[in-house]
Amino acid sequence: MTTIRLHSDVLHVGNAEHQVLLSKRTGTFYAPNPTAAPLVNRLAAGTTVAELARDLDERHAIGLPRATADVTELVTRLEAQHLIVREDG
């Protein structure tokens with residue numbers, strides 16, 4: 001199972017609804033929308049795409065396939081900005 005977590009060079013500040021990520025290495029910052037903010041909060045502790053998708057579906061009842069697609073898009077975006085890392089375990 002692959003765990004996804006915030007990169008060690010990323011500062012994470014905010015509350016349950018508003019998050020900001022800042023890469024100390026690249027200067028890149030990301031401010032997720034209110035729907036993605038709780039997911040980003042979970043990334044701070046480490047999680048999986050499947051766990052994030054279930055959480056998104058439970059909160060918004062959009063169906064697991066759509067939730068998985070939305071989470072995958074978020075993870076791809078954050079990974080491209082070097083804000084998260086994947087750890088195989």
# chains A, B, ... in the order shown; residues from 1 in each chain; ligands from 1
call {"tool": "residues_around", "arguments": {"residues": "range 57-62 of chain A", "least_positions_apart": "4", "cutoff": "12 Å", "atoms": "only C-alpha atoms", "output": "JSON, numbers by chain"}}
result
{"A": [34, 35, 36, 38, 39, 50, 51, 52, 53, 66, 67, 68, 69, 70, 71]}
call {"tool": "write_last_selection", "arguments": {"atoms": "N, CA and C atoms", "output": "JSON list (two decimals), in the first residue's frame"}}
result
[["chain", "number", "residue", "atom", "x", "y", "z"],
["A", 34, "PRO", "N", -12.43, 24.70, -0.06],
["A", 34, "PRO", "CA", -13.02, 24.10, 1.15],
["A", 34, "PRO", "C", -13.31, 22.60, 1.04],
["A", 35, "THR", "N", -13.55, 22.10, -0.15],
["A", 35, "THR", "CA", -13.78, 20.67, -0.31],
["A", 35, "THR", "C", -12.48, 19.89, -0.14],
["A", 36, "ALA", "N", -11.38, 20.40, -0.66],
["A", 36, "ALA", "CA", -10.10, 19.71, -0.59],
["A", 36, "ALA", "C", -9.37, 19.93, 0.73],
["A", 38, "PRO", "N", -10.04, 19.49, 3.99],
["A", 38, "PRO", "CA", -9.95, 18.36, 4.94],
["A", 38, "PRO", "C", -9.07, 17.23, 4.43],
["A", 39, "LEU", "N", -9.02, 17.05, 3.11],
["A", 39, "LEU", "CA", -8.15, 16.02, 2.54],
["A", 39, "LEU", "C", -6.69, 16.38, 2.74],
["A", 50, "ALA", "N", -7.19, 5.70, -1.44],
["A", 50, "ALA", "CA", -8.45, 5.03, -1.11],
["A", 50, "ALA", "C", -9.09, 5.63, 0.14],
["A", 51, "GLU", "N", -8.29, 5.92, 1.16],
["A", 51, "GLU", "CA", -8.83, 6.52, 2.39],
["A", 51, "GLU", "C", -9.37, 7.92, 2.12],
["A", 52, "LEU", "N", -8.63, 8.69, 1.33],
["A", 52, "LEU", "CA", -9.09, 10.04, 1.00],
["A", 52, "LEU", "C", -10.38, 9.99, 0.20],
["A", 53, "ALA", "N", -10.47, 9.06, -0.74],
["A", 53, "ALA", "CA", -11.68, 8.93, -1.57],
["A", 53, "ALA", "C", -12.88, 8.54, -0.71],
["A", 66, "ARG", "N", -16.28, 8.61, -8.51],
["A", 66, "ARG", "CA", -16.01, 10.05, -8.72],
["A", 66, "ARG", "C", -15.06, 10.58, -7.64],
["A", 67, "ALA", "N", -15.26, 10.16, -6.40],
["A", 67, "ALA", "CA", -14.38, 10.59, -5.32],
["A", 67, "ALA", "C", -12.95, 10.16, -5.58],
["A", 68, "THR", "N", -12.77, 8.94, -6.06],
["A", 68, "THR", "CA", -11.43, 8.44, -6.37],
["A", 68, "THR", "C", -10.80, 9.26, -7.49],
["A", 69, "ALA", "N", -11.57, 9.58, -8.52],
["A", 69, "ALA", "CA", -11.06, 10.40, -9.62],
["A", 69, "ALA", "C", -10.67, 11.79, -9.13],
["A", 70, "ASP", "N", -11.51, 12.40, -8.28],
["A", 70, "ASP", "CA", -11.22, 13.73, -7.76],
["A", 70, "ASP", "C", -9.98, 13.72, -6.88],
["A", 71, "VAL", "N", -9.84, 12.72, -6.03],
["A", 71, "VAL", "CA", -8.67, 12.61, -5.15],
["A", 71, "VAL", "C", -7.42, 12.38, -5.99]]
call {"tool": "select_by_dssp", "arguments": {"residues": "chain A", "states": "helix (DSSP H, G or I)", "output": "number ranges by chain"}}
result
A: 37-43, 49-60, 64-80
call {"tool": "atom_distance", "arguments": {"atom1": "CA of His12 in chain A", "atom2": "CA of Leu64 in chain A"}}
result
27.2 Å
call {"tool": "select_by_dssp", "arguments": {"residues": "chain A", "states": "strand (DSSP E or B)", "output": "list in words"}}
result
Thr2, Thr3, Ile4, Arg5, Leu6, Val10, Leu11, His12, Val13, Gly14, Gln19, Val20, Leu21, Leu22, Ser23, Phe29, Tyr30, Thr47, Ile84, Val85, Arg86, Glu87 and Asp88 of chain A
call {"tool": "write_last_selection", "arguments": {"atoms": "N, CA and C atoms", "output": "PDB file, in the first residue's frame"}}
result
ATOM      1  N   THR A   2       0.533   2.201  -0.804  1.00  0.00           N
ATOM      2  CA  THR A   2       1.297   3.446  -0.906  1.00  0.00           C
ATOM      3  C   THR A   2       0.667   4.520  -0.039  1.00  0.00           C
ATOM      4  N   THR A   3       1.472   5.046   0.867  1.00  0.00           N
ATOM      5  CA  THR A   3       1.033   6.142   1.722  1.00  0.00           C
ATOM      6  C   THR A   3       1.459   7.452   1.086  1.00  0.00           C
ATOM      7  N   ILE A   4       0.580   8.423   1.145  1.00  0.00           N
ATOM      8  CA  ILE A   4       0.869   9.751   0.616  1.00  0.00           C
ATOM      9  C   ILE A   4       0.900  10.702   1.797  1.00  0.00           C
ATOM     10  N   ARG A   5       1.931  11.529   1.833  1.00  0.00           N
ATOM     11  CA  ARG A   5       2.031  12.509   2.916  1.00  0.00           C
ATOM     12  C   ARG A   5       2.660  13.788   2.402  1.00  0.00           C
ATOM     13  N   LEU A   6       2.522  14.820   3.179  1.00  0.00           N
ATOM     14  CA  LEU A   6       3.159  16.085   2.816  1.00  0.00           C
ATOM     15  C   LEU A   6       4.672  15.915   2.817  1.00  0.00           C
ATOM     16  N   VAL A  10       7.538  20.973   3.453  1.00  0.00           N
ATOM     17  CA  VAL A  10       6.304  21.729   3.288  1.00  0.00           C
ATOM     18  C   VAL A  10       5.764  22.184   4.644  1.00  0.00           C
ATOM     19  N   LEU A  11       5.504  23.480   4.732  1.00  0.00           N
ATOM     20  CA  LEU A  11       4.826  24.028   5.901  1.00  0.00           C
ATOM     21  C   LEU A  11       3.336  23.924   5.669  1.00  0.00           C
ATOM     22  N   HIS A  12       2.616  23.520   6.691  1.00  0.00           N
ATOM     23  CA  HIS A  12       1.176  23.303   6.602  1.00  0.00           C
ATOM     24  C   HIS A  12       0.525  24.098   7.722  1.00  0.00           C
ATOM     25  N   VAL A  13      -0.283  25.067   7.351  1.00  0.00           N
ATOM     26  CA  VAL A  13      -0.983  25.869   8.355  1.00  0.00           C
ATOM     27  C   VAL A  13      -2.456  25.964   7.991  1.00  0.00           C
ATOM     28  N   GLY A  14      -3.267  26.132   8.993  1.00  0.00           N
ATOM     29  CA  GLY A  14      -4.687  26.304   8.741  1.00  0.00           C
ATOM     30  C   GLY A  14      -5.532  25.596   9.769  1.00  0.00           C
ATOM     31  N   GLN A  19      -6.723  25.689   4.521  1.00  0.00           N
ATOM     32  CA  GLN A  19      -5.356  25.188   4.600  1.00  0.00           C
ATOM     33  C   GLN A  19      -4.469  25.962   3.640  1.00  0.00           C
ATOM     34  N   VAL A  20      -3.206  26.080   3.985  1.00  0.00           N
ATOM     35  CA  VAL A  20      -2.210  26.616   3.067  1.00  0.00           C
ATOM     36  C   VAL A  20      -0.971  25.737   3.193  1.00  0.00           C
ATOM     37  N   LEU A  21      -0.445  25.343   2.051  1.00  0.00           N
ATOM     38  CA  LEU A  21       0.798  24.585   2.001  1.00  0.00           C
ATOM     39  C   LEU A  21       1.857  25.464   1.359  1.00  0.00           C
ATOM     40  N   LEU A  22       3.059  25.461   1.920  1.00  0.00           N
ATOM     41  CA  LEU A  22       4.160  26.246   1.373  1.00  0.00           C
ATOM     42  C   LEU A  22       5.409  25.383   1.354  1.00  0.00           C
ATOM     43  N   SER A  23       5.996  25.235   0.183  1.00  0.00           N
ATOM     44  CA  SER A  23       7.248  24.495   0.059  1.00  0.00           C
ATOM     45  C   SER A  23       8.406  25.420   0.387  1.00  0.00           C
ATOM     46  N   PHE A  29       3.315  27.568  -3.260  1.00  0.00           N
ATOM     47  CA  PHE A  29       2.275  27.460  -2.243  1.00  0.00           C
ATOM     48  C   PHE A  29       0.978  27.001  -2.890  1.00  0.00           C
ATOM     49  N   TYR A  30       0.129  26.403  -2.071  1.00  0.00           N
ATOM     50  CA  TYR A  30      -1.131  25.865  -2.541  1.00  0.00           C
ATOM     51  C   TYR A  30      -2.177  26.128  -1.473  1.00  0.00           C
ATOM     52  N   THR A  47      -1.730   9.213   4.496  1.00  0.00           N
ATOM     53  CA  THR A  47      -2.971   8.510   4.174  1.00  0.00           C
ATOM     54  C   THR A  47      -2.809   7.851   2.810  1.00  0.00           C
ATOM     55  N   ILE A  84       3.837  16.846  -1.998  1.00  0.00           N
ATOM     56  CA  ILE A  84       3.603  15.558  -1.332  1.00  0.00           C
ATOM     57  C   ILE A  84       4.602  14.526  -1.833  1.00  0.00           C
ATOM     58  N   VAL A  85       4.726  13.450  -1.083  1.00  0.00           N
ATOM     59  CA  VAL A  85       5.573  12.322  -1.474  1.00  0.00           C
ATOM     60  C   VAL A  85       4.785  11.036  -1.275  1.00  0.00           C
ATOM     61  N   ARG A  86       5.168  10.033  -2.036  1.00  0.00           N
ATOM     62  CA  ARG A  86       4.581   8.692  -1.904  1.00  0.00           C
ATOM     63  C   ARG A  86       5.599   7.796  -1.219  1.00  0.00           C
ATOM     64  N   GLU A  87       5.108   6.972  -0.301  1.00  0.00           N
ATOM     65  CA  GLU A  87       5.966   6.037   0.418  1.00  0.00           C
ATOM     66  C   GLU A  87       5.344   4.655   0.311  1.00  0.00           C
ATOM     67  N   ASP A  88       6.072   3.725  -0.264  1.00  0.00           N
ATOM     68  CA  ASP A  88       5.576   2.353  -0.348  1.00  0.00           C
ATOM     69  C   ASP A  88       5.809   1.663   0.984  1.00  0.00           C
TER      70      ASP A  88
END
call {"tool": "closest_atom_pairs", "arguments": {"of": "range 54-75 of chain A", "to": "range 41-46 of chain A", "cutoff": "12 Å", "atoms": "only C-alpha atoms", "output": "tab-separated table"}}
result
residue	atom	partner	partner_atom	distance
A:Asp55	CA	A:Arg42	CA	9.7
A:Leu56	CA	A:Arg42	CA	11.3
A:Val71	CA	A:Leu43	CA	11.5
A:Leu74	CA	A:Leu43	CA	11.3
A:Val75	CA	A:Leu43	CA	9.8
call {"tool": "write_last_selection", "arguments": {"atoms": "N, CA and C atoms", "output": "compact mmCIF listing (two decimals), in the first residue's frame"}}
result
# COMPACT_ATOMS: atom_id res chain seq x y z
N ASP A 55 -13.29 9.18 2.45
CA ASP A 55 -13.62 10.37 3.25
C ASP A 55 -14.41 11.38 2.42
N LEU A 56 -13.96 11.64 1.20
CA LEU A 56 -14.64 12.59 0.33
C LEU A 56 -16.05 12.12 0.01
N VAL A 71 -9.84 12.72 -6.03
CA VAL A 71 -8.67 12.61 -5.15
C VAL A 71 -7.42 12.38 -5.99
N LEU A 74 -6.33 15.65 -7.38
CA LEU A 74 -5.69 16.47 -6.34
C LEU A 74 -4.28 15.99 -6.05
N VAL A 75 -4.11 14.69 -5.88
CA VAL A 75 -2.79 14.12 -5.57
C VAL A 75 -1.83 14.40 -6.72
call {"tool": "closest_residue", "arguments": {"among": "A:Met1, A:Lys24, A:Ser8, A:Val40", "to": "Leu78 in chain A", "atoms": "only C-alpha atoms"}}
result
A:Val40
call {"tool": "atom_distance", "arguments": {"atom1": "CA of Thr48 in chain A", "atom2": "CA of Asn33 in chain A"}}
result
19.7 Å
call {"tool": "atom_distance", "arguments": {"atom1": "CA of His82 in chain A", "atom2": "CA of His7 in chain A"}}
result
7.3 Å
call {"tool": "decode", "arguments": {"residues": "chain A", "atoms": "C-alpha atoms", "output": "tab-separated table (two decimals), in the first residue's frame"}}
result
chain	number	residue	atom	x	y	z
A	1	MET	CA	0.00	0.00	0.00
A	2	THR	CA	1.30	3.45	-0.91
A	3	THR	CA	1.03	6.14	1.72
A	4	ILE	CA	0.87	9.75	0.62
A	5	ARG	CA	2.03	12.51	2.92
A	6	LEU	CA	3.16	16.09	2.82
A	7	HIS	CA	6.79	16.53	1.82
A	8	SER	CA	9.07	17.21	4.78
A	9	ASP	CA	9.95	20.62	3.29
A	10	VAL	CA	6.30	21.73	3.29
A	11	LEU	CA	4.83	24.03	5.90
A	12	HIS	CA	1.18	23.30	6.60
A	13	VAL	CA	-0.98	25.87	8.35
A	14	GLY	CA	-4.69	26.30	8.74
A	15	ASN	CA	-7.77	24.82	10.32
A	16	ALA	CA	-10.34	22.21	9.28
A	17	GLU	CA	-11.75	24.38	6.48
A	18	HIS	CA	-8.82	26.52	5.32
A	19	GLN	CA	-5.36	25.19	4.60
A	20	VAL	CA	-2.21	26.62	3.07
A	21	LEU	CA	0.80	24.58	2.00
A	22	LEU	CA	4.16	26.25	1.37
A	23	SER	CA	7.25	24.49	0.06
A	24	LYS	CA	10.33	25.87	1.80
A	25	ARG	CA	12.44	24.36	-0.98
A	26	THR	CA	10.65	25.74	-4.06
A	27	GLY	CA	8.55	28.60	-2.71
A	28	THR	CA	5.46	26.96	-4.19
A	29	PHE	CA	2.27	27.46	-2.24
A	30	TYR	CA	-1.13	25.87	-2.54
A	31	ALA	CA	-4.41	26.93	-0.97
A	32	PRO	CA	-7.01	24.20	-1.48
A	33	ASN	CA	-10.70	24.95	-1.78
A	34	PRO	CA	-13.02	24.10	1.15
A	35	THR	CA	-13.78	20.67	-0.31
A	36	ALA	CA	-10.10	19.71	-0.59
A	37	ALA	CA	-8.97	21.31	2.70
A	38	PRO	CA	-9.95	18.36	4.94
A	39	LEU	CA	-8.15	16.02	2.54
A	40	VAL	CA	-4.99	18.12	2.73
A	41	ASN	CA	-5.31	18.05	6.51
A	42	ARG	CA	-5.25	14.24	6.39
A	43	LEU	CA	-2.16	14.31	4.17
A	44	ALA	CA	-0.24	15.88	7.04
A	45	ALA	CA	-0.51	12.60	8.95
A	46	GLY	CA	-0.15	10.34	5.92
A	47	THR	CA	-2.97	8.51	4.17
A	48	THR	CA	-3.84	6.65	0.98
A	49	VAL	CA	-5.81	7.59	-2.11
A	50	ALA	CA	-8.45	5.03	-1.11
A	51	GLU	CA	-8.83	6.52	2.39
A	52	LEU	CA	-9.09	10.04	1.00
A	53	ALA	CA	-11.68	8.93	-1.57
A	54	ARG	CA	-13.81	7.23	1.10
A	55	ASP	CA	-13.62	10.37	3.25
A	56	LEU	CA	-14.64	12.59	0.33
A	57	ASP	CA	-17.52	10.30	-0.58
A	58	GLU	CA	-18.74	10.13	3.03
A	59	ARG	CA	-18.76	13.93	3.32
A	60	HIS	CA	-20.29	14.72	-0.08
A	61	ALA	CA	-22.06	11.51	-1.23
A	62	ILE	CA	-20.65	11.74	-4.75
A	63	GLY	CA	-19.96	8.03	-5.21
A	64	LEU	CA	-16.67	6.26	-4.74
A	65	PRO	CA	-15.65	6.27	-8.45
A	66	ARG	CA	-16.01	10.05	-8.72
A	67	ALA	CA	-14.38	10.59	-5.32
A	68	THR	CA	-11.43	8.44	-6.37
A	69	ALA	CA	-11.06	10.40	-9.62
A	70	ASP	CA	-11.22	13.73	-7.76
A	71	VAL	CA	-8.67	12.61	-5.15
A	72	THR	CA	-6.36	11.28	-7.86
A	73	GLU	CA	-6.53	14.66	-9.60
A	74	LEU	CA	-5.69	16.47	-6.34
A	75	VAL	CA	-2.79	14.12	-5.57
A	76	THR	CA	-1.42	14.53	-9.11
A	77	ARG	CA	-1.58	18.32	-8.79
A	78	LEU	CA	0.15	18.33	-5.38
A	79	GLU	CA	2.77	15.86	-6.55
A	80	ALA	CA	3.58	17.97	-9.62
A	81	GLN	CA	4.20	20.91	-7.28
A	82	HIS	CA	6.47	18.75	-5.08
A	83	LEU	CA	4.20	19.25	-2.08
A	84	ILE	CA	3.60	15.56	-1.33
A	85	VAL	CA	5.57	12.32	-1.47
A	86	ARG	CA	4.58	8.69	-1.90
A	87	GLU	CA	5.97	6.04	0.42
A	88	ASP	CA	5.58	2.35	-0.35
A	89	GLY	CA	4.93	0.31	2.72
